[in-house]
Every structure is written in structure tokens, then in C-alpha cells.
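Coordinates from structure_27.txt are shown below (compact mmCIF, C-alpha atoms).
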```txt
# COMPACT_ATOMS: atom_id res chain seq x y z
CA MET A 379 -60.58 -51.41 -34.37
CA ILE A 380 -57.39 -53.29 -35.33
CA ASP A 381 -55.59 -51.93 -38.40
CA LEU A 382 -54.05 -54.85 -40.27
CA SER A 383 -53.48 -53.12 -43.63
CA ASP A 384 -49.69 -53.25 -43.28
CA LEU A 385 -49.87 -57.06 -43.27
CA ASP A 386 -50.60 -57.01 -46.99
CA ARG A 387 -48.24 -54.13 -47.77
CA TYR A 388 -45.18 -55.12 -45.75
CA GLY A 389 -45.86 -58.47 -44.08
CA ALA A 390 -46.23 -57.07 -40.55
CA ALA A 391 -48.74 -54.90 -38.69
CA ILE A 392 -48.20 -53.16 -35.35
CA LEU A 393 -51.00 -53.14 -32.77
CA PRO A 394 -50.02 -50.18 -30.55
CA ALA A 395 -50.40 -50.47 -26.77
CA LEU A 396 -52.18 -53.81 -26.93
CA LEU A 397 -51.12 -54.39 -23.31
CA SER A 398 -50.84 -51.77 -20.57
CA PRO A 399 -47.61 -51.34 -18.55
CA GLN A 400 -49.23 -53.23 -15.66
CA GLN A 401 -50.29 -56.09 -17.94
CA CYS A 402 -46.74 -56.24 -19.27
CA ALA A 403 -45.36 -56.40 -15.73
CA ASP A 404 -47.84 -59.14 -14.84
CA ALA A 405 -46.76 -61.16 -17.87
CA ILE A 406 -43.05 -60.75 -17.03
CA ALA A 407 -43.76 -61.93 -13.48
CA LEU A 408 -44.96 -65.25 -14.90
CA TRP A 409 -41.33 -66.09 -15.74
CA ASP A 410 -40.80 -67.02 -12.10
CA ALA A 411 -44.18 -68.68 -11.66
CA ALA A 412 -44.62 -72.26 -10.45
CA PRO A 413 -42.94 -74.83 -12.74
CA ALA A 414 -46.35 -76.29 -13.62
CA THR A 415 -47.11 -73.02 -15.47
CA PHE A 416 -44.68 -74.09 -18.20
CA ARG A 417 -44.26 -77.31 -20.14
CA LYS A 418 -40.78 -76.68 -21.57
CA ASP A 419 -37.71 -74.47 -21.04
CA VAL A 420 -35.42 -73.92 -24.04
CA ASN A 421 -31.81 -72.71 -23.96
CA MET A 422 -31.49 -71.26 -27.45
CA ALA A 423 -27.69 -71.54 -27.67
CA ARG A 424 -27.84 -75.25 -26.90
CA HIS A 425 -29.99 -75.84 -29.98
CA GLY A 426 -28.32 -73.36 -32.33
CA TYR A 427 -31.30 -71.01 -32.31
CA GLY A 428 -29.32 -67.98 -31.17
CA ARG A 429 -28.83 -66.94 -27.55
CA GLY A 430 -31.42 -66.51 -24.82
CA HIS A 431 -34.14 -68.56 -23.17
CA TYR A 432 -37.81 -69.15 -23.73
CA ARG A 433 -40.51 -71.10 -21.92
CA TYR A 434 -43.63 -72.63 -23.43
CA PHE A 435 -46.73 -72.34 -21.29
CA ALA A 436 -48.59 -75.51 -20.36
CA TYR A 437 -52.32 -76.01 -20.56
CA PRO A 438 -54.38 -74.64 -18.95
CA LEU A 439 -52.92 -71.28 -19.97
CA PRO A 440 -53.13 -68.33 -17.59
CA ASP A 441 -56.51 -66.68 -18.14
CA PRO A 442 -55.15 -63.40 -19.58
CA ILE A 443 -53.18 -65.32 -22.23
CA THR A 444 -56.17 -67.48 -23.16
CA ASP A 445 -58.30 -64.34 -23.53
CA LEU A 446 -55.67 -62.56 -25.60
CA ARG A 447 -55.16 -65.58 -27.86
CA GLU A 448 -58.89 -65.95 -28.50
CA ARG A 449 -59.46 -62.24 -29.20
CA LEU A 450 -56.53 -61.96 -31.58
CA TYR A 451 -57.50 -65.14 -33.39
CA ALA A 452 -61.03 -63.80 -34.00
CA ALA A 453 -59.57 -60.62 -35.52
CA LEU A 454 -57.05 -62.49 -37.68
CA ALA A 455 -59.18 -65.38 -38.97
CA PRO A 456 -60.73 -63.28 -41.79
CA VAL A 457 -57.24 -62.34 -42.99
CA ALA A 458 -56.14 -65.98 -42.81
CA ASN A 459 -59.13 -67.04 -44.91
CA ARG A 460 -58.50 -64.32 -47.47
CA TRP A 461 -54.85 -65.36 -47.76
CA ALA A 462 -55.81 -69.02 -48.09
CA GLU A 463 -58.17 -68.19 -50.93
CA ALA A 464 -55.51 -66.09 -52.68
CA LEU A 465 -53.01 -68.96 -52.44
CA GLY A 466 -55.50 -71.57 -53.63
CA GLN A 467 -55.45 -73.45 -50.33
CA PRO A 468 -58.45 -75.46 -49.08
CA ASP A 469 -58.08 -74.22 -45.52
CA ILE A 470 -61.07 -72.39 -44.11
CA TYR A 471 -60.32 -71.14 -40.62
CA PRO A 472 -63.31 -71.23 -38.25
CA ALA A 473 -64.39 -68.09 -36.42
CA ALA A 474 -63.76 -69.57 -32.95
CA HIS A 475 -60.25 -70.42 -31.83
CA ALA A 476 -61.45 -73.47 -29.87
CA ASP A 477 -62.80 -74.97 -33.09
CA PHE A 478 -59.48 -74.40 -34.85
CA LEU A 479 -57.55 -76.05 -32.00
CA ALA A 480 -59.90 -79.03 -32.02
CA ARG A 481 -58.93 -79.75 -35.63
CA GLY A 482 -55.26 -79.75 -34.69
CA HIS A 483 -55.86 -82.10 -31.78
CA LEU A 484 -57.15 -84.68 -34.26
CA THR A 485 -53.69 -84.67 -35.89
CA GLY A 486 -51.84 -84.96 -32.55
CA GLN A 487 -51.06 -81.26 -32.16
CA ASP A 488 -52.28 -80.66 -28.61
CA LYS A 489 -49.41 -78.97 -26.74
CA ALA A 490 -49.58 -75.26 -25.95
CA THR A 491 -47.35 -72.92 -27.95
CA PRO A 492 -47.70 -69.46 -26.32
CA LEU A 493 -44.33 -68.62 -24.80
CA LEU A 494 -42.29 -66.13 -22.82
CA LEU A 495 -38.87 -65.16 -24.19
CA ARG A 496 -36.08 -63.56 -22.18
CA TYR A 497 -33.00 -61.98 -23.72
CA GLU A 498 -29.98 -60.65 -21.83
CA THR A 499 -27.05 -58.57 -23.09
CA GLY A 500 -25.54 -60.25 -26.15
CA ASP A 501 -28.55 -62.51 -26.79
CA TRP A 502 -30.28 -62.78 -30.17
CA ASN A 503 -32.79 -64.94 -32.03
CA ALA A 504 -31.98 -66.48 -35.41
CA LEU A 505 -34.37 -66.00 -38.32
CA HIS A 506 -36.88 -68.83 -38.16
CA GLN A 507 -40.48 -70.02 -38.61
CA ASP A 508 -42.77 -71.35 -35.85
CA VAL A 509 -44.50 -74.22 -37.65
CA TYR A 510 -44.81 -77.14 -35.14
CA GLY A 511 -46.78 -79.48 -37.39
CA SER A 512 -49.02 -79.74 -40.44
CA HIS A 513 -51.98 -77.91 -38.86
CA ILE A 514 -50.93 -74.26 -39.05
CA PHE A 515 -52.60 -70.91 -38.55
CA PRO A 516 -50.75 -68.56 -40.93
CA LEU A 517 -50.38 -65.59 -38.58
CA GLN A 518 -48.89 -65.07 -35.14
CA ALA A 519 -48.13 -62.21 -32.76
CA ALA A 520 -45.27 -61.07 -30.54
CA ILE A 521 -45.82 -58.53 -27.77
CA LEU A 522 -42.93 -56.53 -26.36
CA LEU A 523 -43.19 -56.50 -22.56
CA SER A 524 -40.04 -54.48 -21.73
CA ARG A 525 -39.25 -50.80 -22.34
CA PRO A 526 -36.79 -50.14 -25.18
CA GLY A 527 -34.20 -47.55 -24.24
CA GLU A 528 -34.87 -48.10 -20.52
CA ASP A 529 -34.91 -51.84 -19.82
CA PHE A 530 -32.76 -52.71 -22.83
CA THR A 531 -31.08 -51.41 -25.97
CA GLY A 532 -30.73 -53.17 -29.32
CA GLY A 533 -32.92 -56.25 -29.69
CA GLU A 534 -34.94 -55.08 -32.69
CA PHE A 535 -37.64 -57.33 -34.13
CA ILE A 536 -36.66 -58.32 -37.67
CA LEU A 537 -38.51 -59.92 -40.57
CA SER A 538 -36.93 -61.39 -43.69
CA GLU A 539 -38.95 -61.81 -46.88
CA GLN A 540 -37.60 -64.23 -49.48
CA ARG A 541 -38.86 -62.93 -52.82
CA PRO A 542 -38.94 -65.23 -55.86
CA ARG A 543 -35.72 -65.03 -57.89
CA MET A 544 -34.59 -62.03 -55.84
CA GLN A 545 -32.53 -61.36 -52.74
CA SER A 546 -34.27 -61.26 -49.35
CA ARG A 547 -35.93 -58.06 -48.15
CA PRO A 548 -35.38 -57.14 -44.46
CA GLU A 549 -37.95 -55.32 -42.37
CA VAL A 550 -37.17 -53.87 -38.92
CA VAL A 551 -40.33 -53.38 -36.84
CA PRO A 552 -40.07 -50.63 -34.19
CA LEU A 553 -41.96 -51.56 -31.01
CA THR A 554 -42.58 -49.85 -27.68
CA GLN A 555 -43.71 -51.50 -24.45
CA GLY A 556 -47.07 -53.20 -24.88
CA ASP A 557 -47.05 -53.07 -28.68
CA ALA A 558 -47.77 -56.26 -30.61
CA VAL A 559 -46.53 -57.13 -34.07
CA VAL A 560 -48.63 -59.50 -36.19
CA PHE A 561 -46.75 -61.33 -38.93
CA PRO A 562 -46.83 -64.50 -41.06
CA VAL A 563 -45.79 -67.83 -39.61
CA ARG A 564 -44.40 -69.13 -42.88
CA GLU A 565 -45.62 -67.39 -46.03
CA ARG A 566 -47.92 -64.73 -47.39
CA PRO A 567 -49.51 -63.91 -50.75
CA VAL A 568 -47.96 -61.07 -52.74
CA GLN A 569 -49.35 -59.58 -55.94
CA GLY A 570 -46.76 -59.71 -58.72
CA THR A 571 -46.78 -58.79 -62.38
CA ARG A 572 -47.84 -62.34 -63.25
CA GLY A 573 -50.38 -62.86 -60.52
CA ILE A 574 -50.20 -63.82 -56.85
CA HIS A 575 -47.18 -65.74 -55.60
CA ARG A 576 -46.05 -67.14 -52.25
CA VAL A 577 -43.42 -65.24 -50.33
CA GLN A 578 -41.53 -67.03 -47.57
CA MET A 579 -41.13 -65.10 -44.30
CA ARG A 580 -38.82 -65.55 -41.32
CA HIS A 581 -38.51 -63.56 -38.12
CA GLY A 582 -35.91 -63.03 -35.42
CA VAL A 583 -34.40 -60.55 -32.96
CA SER A 584 -31.14 -58.65 -33.37
CA ARG A 585 -28.40 -58.67 -30.72
CA LEU A 586 -29.32 -57.12 -27.39
CA ARG A 587 -26.72 -54.46 -26.59
CA SER A 588 -27.67 -54.00 -22.94
CA GLY A 589 -30.29 -54.89 -20.35
CA THR A 590 -33.08 -57.48 -20.38
CA ARG A 591 -35.88 -57.88 -22.93
CA PHE A 592 -39.06 -59.93 -22.38
CA THR A 593 -41.51 -60.87 -25.13
CA LEU A 594 -44.81 -62.73 -25.09
CA GLY A 595 -45.29 -64.88 -28.18
CA ILE A 596 -48.80 -65.85 -29.26
CA ILE A 597 -48.96 -68.73 -31.73
CA PHE A 598 -52.45 -69.91 -32.57
CA HIS A 599 -51.80 -73.53 -33.56
CA ASP A 600 -50.65 -76.13 -31.04
CA ALA A 601 -47.54 -78.30 -31.26
CA ALA A 602 -47.15 -82.02 -31.77
CA SER A 603 -44.17 -82.21 -29.38
```
Once you've parsed the file, please lay out its structure as C-alpha cells.
Amino acid sequence: MIDLSDLDRYGAAILPALLSPQQCADAIALWDAAPATFRKDVNMARHGYGRGHYRYFAYPLPDPITDLRERLYAALAPVANRWAEALGQPDIYPAAHADFLARGHLTGQDKATPLLLRYETGDWNALHQDVYGSHIFPLQAAILLSRPGEDFTGGEFILSEQRPRMQSRPEVVPLTQGDAVVFPVRERPVQGTRGIHRVQMRHGVSRLRSGTRFTLGIIFHDAAS
């Protein structure tokens, strides 16, 4: 059973050992797969996103990634619906991921968003949000594929929470190989003294001090471009 209680408390929940070491190695090996596996390669420094590279998968996704995306979506949809209700949003997220994607395709969001990220020594990822269009699923996941302390050092996963009329709160999420972190795409509901308010969230990765770090990103909505 997936424990998502820390999502409400801190804005992030760790799913320990979601992937086995072999599954992590298989995912890393996709980096050098045939070009048709990916639809886009991004040099982060060129766009001011930080330093490093990432590649968006193309449809059809590799079967293990499709399966993982569908299973995680099914577990997260109840949380997404509860958050939507708390924030007074009309969105009701269907139980099946295919049904959610079909809605986005009607708005022109039909390009795959799962991605592989590779960081080398000195690389980092600026605090950001993965929105991609108006049709958004409010949660996403990142799975660490490399071994901290062995394959790389540094490169911590970081969240920033912008609280109303207050300074931002940082959250460093400790991950080991195969762990996933689930976190908000853009915002989350937080209970305050005067009711529920929206809290803006951003995520990134601190500077890699040595080695190579691979991450699998699972975003549940598609992109328009």
C-alpha cells in the first residue's frame, strides 16, 4: 500500500524501492536507445534551466514506463480529486489514466512528457514547475535511478514552498536508488488559520559534486509542444 500522508504534511511523499536495481539499470540503458524512443533532447544550460540534459520519450512509451505511469496515476487520482475539492476547482480526475489523457488530447496536449534526466559533475536543475498546458494533473513523480554515494554525490532533490505573505520554505528529500518522490506540479492546498489556501510549489536538483545521476520523471499530463 502506498503511503501518501506526507503529501499533505510536507508537500512530498517518498515511495521506497519503487523500482528494483535491475529496473533502474534497464531504465538508464534507455538513454542510448534508438533515437525514435525519444521525441526531444534538451540541453538545460542552453535554455537557462540549469545544467544537464534530459530527453522526453515519444509515444508509444516503453511498456514498463506506460505500466508505471498508469499504476501511479490510479493511486494518485483520489488525492488529486480531494485537493481539487479543497481548492474549489471543478476538475474531477477519472480513475483511468487513458481517460484523463483523452481529455488533454482534445485541447491539443498529445505529446508524451515522461523523461530521462542525466546530470554530470557540476550540473543542477533550477527550481521550476512542469505545467505544459492548461490540462494539468496536479501531482507528478521522480524516480532516482542511480546510487547516491556510489554513482554520484550531491544532487539532492529540493522542493520550495511559497507560503502566502511569508518567505519560501525549502524541503530536501533524501532518496536512495529506486525510490520515487511524489510532489505537486504547481500548487497544493494547505490548512491555515483562516481556512484552506493555495501554496505554490517548485522543485529542482542541487549541484552534483561528482559522478553521474539519472532520474526518471513521470508526468501524467501530456504537452502541447
* To do: Select, from A:Gln545, A:Asn421, A:Gln400, A:Gln487, the residue with the minimum atom-to-atom distance to A:Asn503, counting only C-alpha atoms.
  => A:Asn421
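Residue neighbourhood of A:Arg547, excluding near-sequence residues (fewer than 5 positions): Tyr388, Gly389, Ile536, Leu537, Ser538, Glu539, Gln540, Arg541, Pro542, Val577, Gln578, Met579, Arg580 and His581 of chain A, at 12 Å, using only C-alpha atoms.
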* Considering only C-alpha atoms, state which residue in the set A:Asp441, A:Asp410, A:Glu565, A:Asp508 is at the smallest distance from A:Ile597. =>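 Under the stated criterion, the closest residue is A:Asp508.
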* Excluding same-chain residues fewer than 5 positions from A:Ala601, what lies within 12 Å of it counting all atoms listed in the file, as a list in words? ->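 Near neighbours after the sequence-gap exclusion: Arg417, Lys418, Tyr434, Phe435, Ala436, Tyr437, Leu479, Gly482, His483, Leu484, Thr485, Gly486, Gln487, Asp488, Lys489, Ala490, Thr491, Pro492, Asp508, Val509, Tyr510, Gly511, Ser512, His513, Ile514 and Phe515 of chain A.
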* Extract, using all atoms listed in the file, all DNA, RNA and protein residues at most 12 Å from A:Asn459, discarding same-chain residues fewer than 3 positions from it, and format them as a PyMOL selection string. => chain A and resi 451-456+462-473+515-517+566-567
* Structure fact -> re atom CA of A:Ala504 and atom CA of A:Leu385: distance 21.7 Å
* Using only C-alpha atoms: which of A:Ile574, A:Ile521, A:Ala423, A:Ala390 has the shortest distance to A:Asp557 ->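 Looking only at the distances to A:Asp557, the closest residue turns out to be A:Ile521.
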* Asked: Using all atoms listed in the file, which residue out of A:Ile443, A:Ile392, A:Leu495, A:Met544 lies closest to A:Leu523?
  ->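 Using all atoms listed in the file, the shortest distance to A:Leu523 belongs to A:Leu495.
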* Asked: Distance atom CA of A:Glu448-atom CA of A:Trp502, one decimal place?
  -> 28.8 Å
* All residues 7 Å or closer to A:Asp501, only C-alpha atoms, same chain fewer than 6 positions away omitted, as a VMD selection string -> chain A and resid 429 to 430 585 to 586
Write out the residues from the selection above, keeping C-alpha atoms, as an mmCIF file, in the coordinates of the input.
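What ended up in result-v4.cif:
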```
data_model
loop_
_atom_site.group_PDB
_atom_site.id
_atom_site.type_symbol
_atom_site.label_atom_id
_atom_site.label_comp_id
_atom_site.auth_asym_id
_atom_site.auth_seq_id
_atom_site.Cartn_x
_atom_site.Cartn_y
_atom_site.Cartn_z
ATOM 1 C CA ARG A 429 -28.830 -66.940 -27.550
ATOM 2 C CA GLY A 430 -31.420 -66.510 -24.820
ATOM 3 C CA ARG A 585 -28.400 -58.670 -30.720
ATOM 4 C CA LEU A 586 -29.320 -57.120 -27.390
#
```
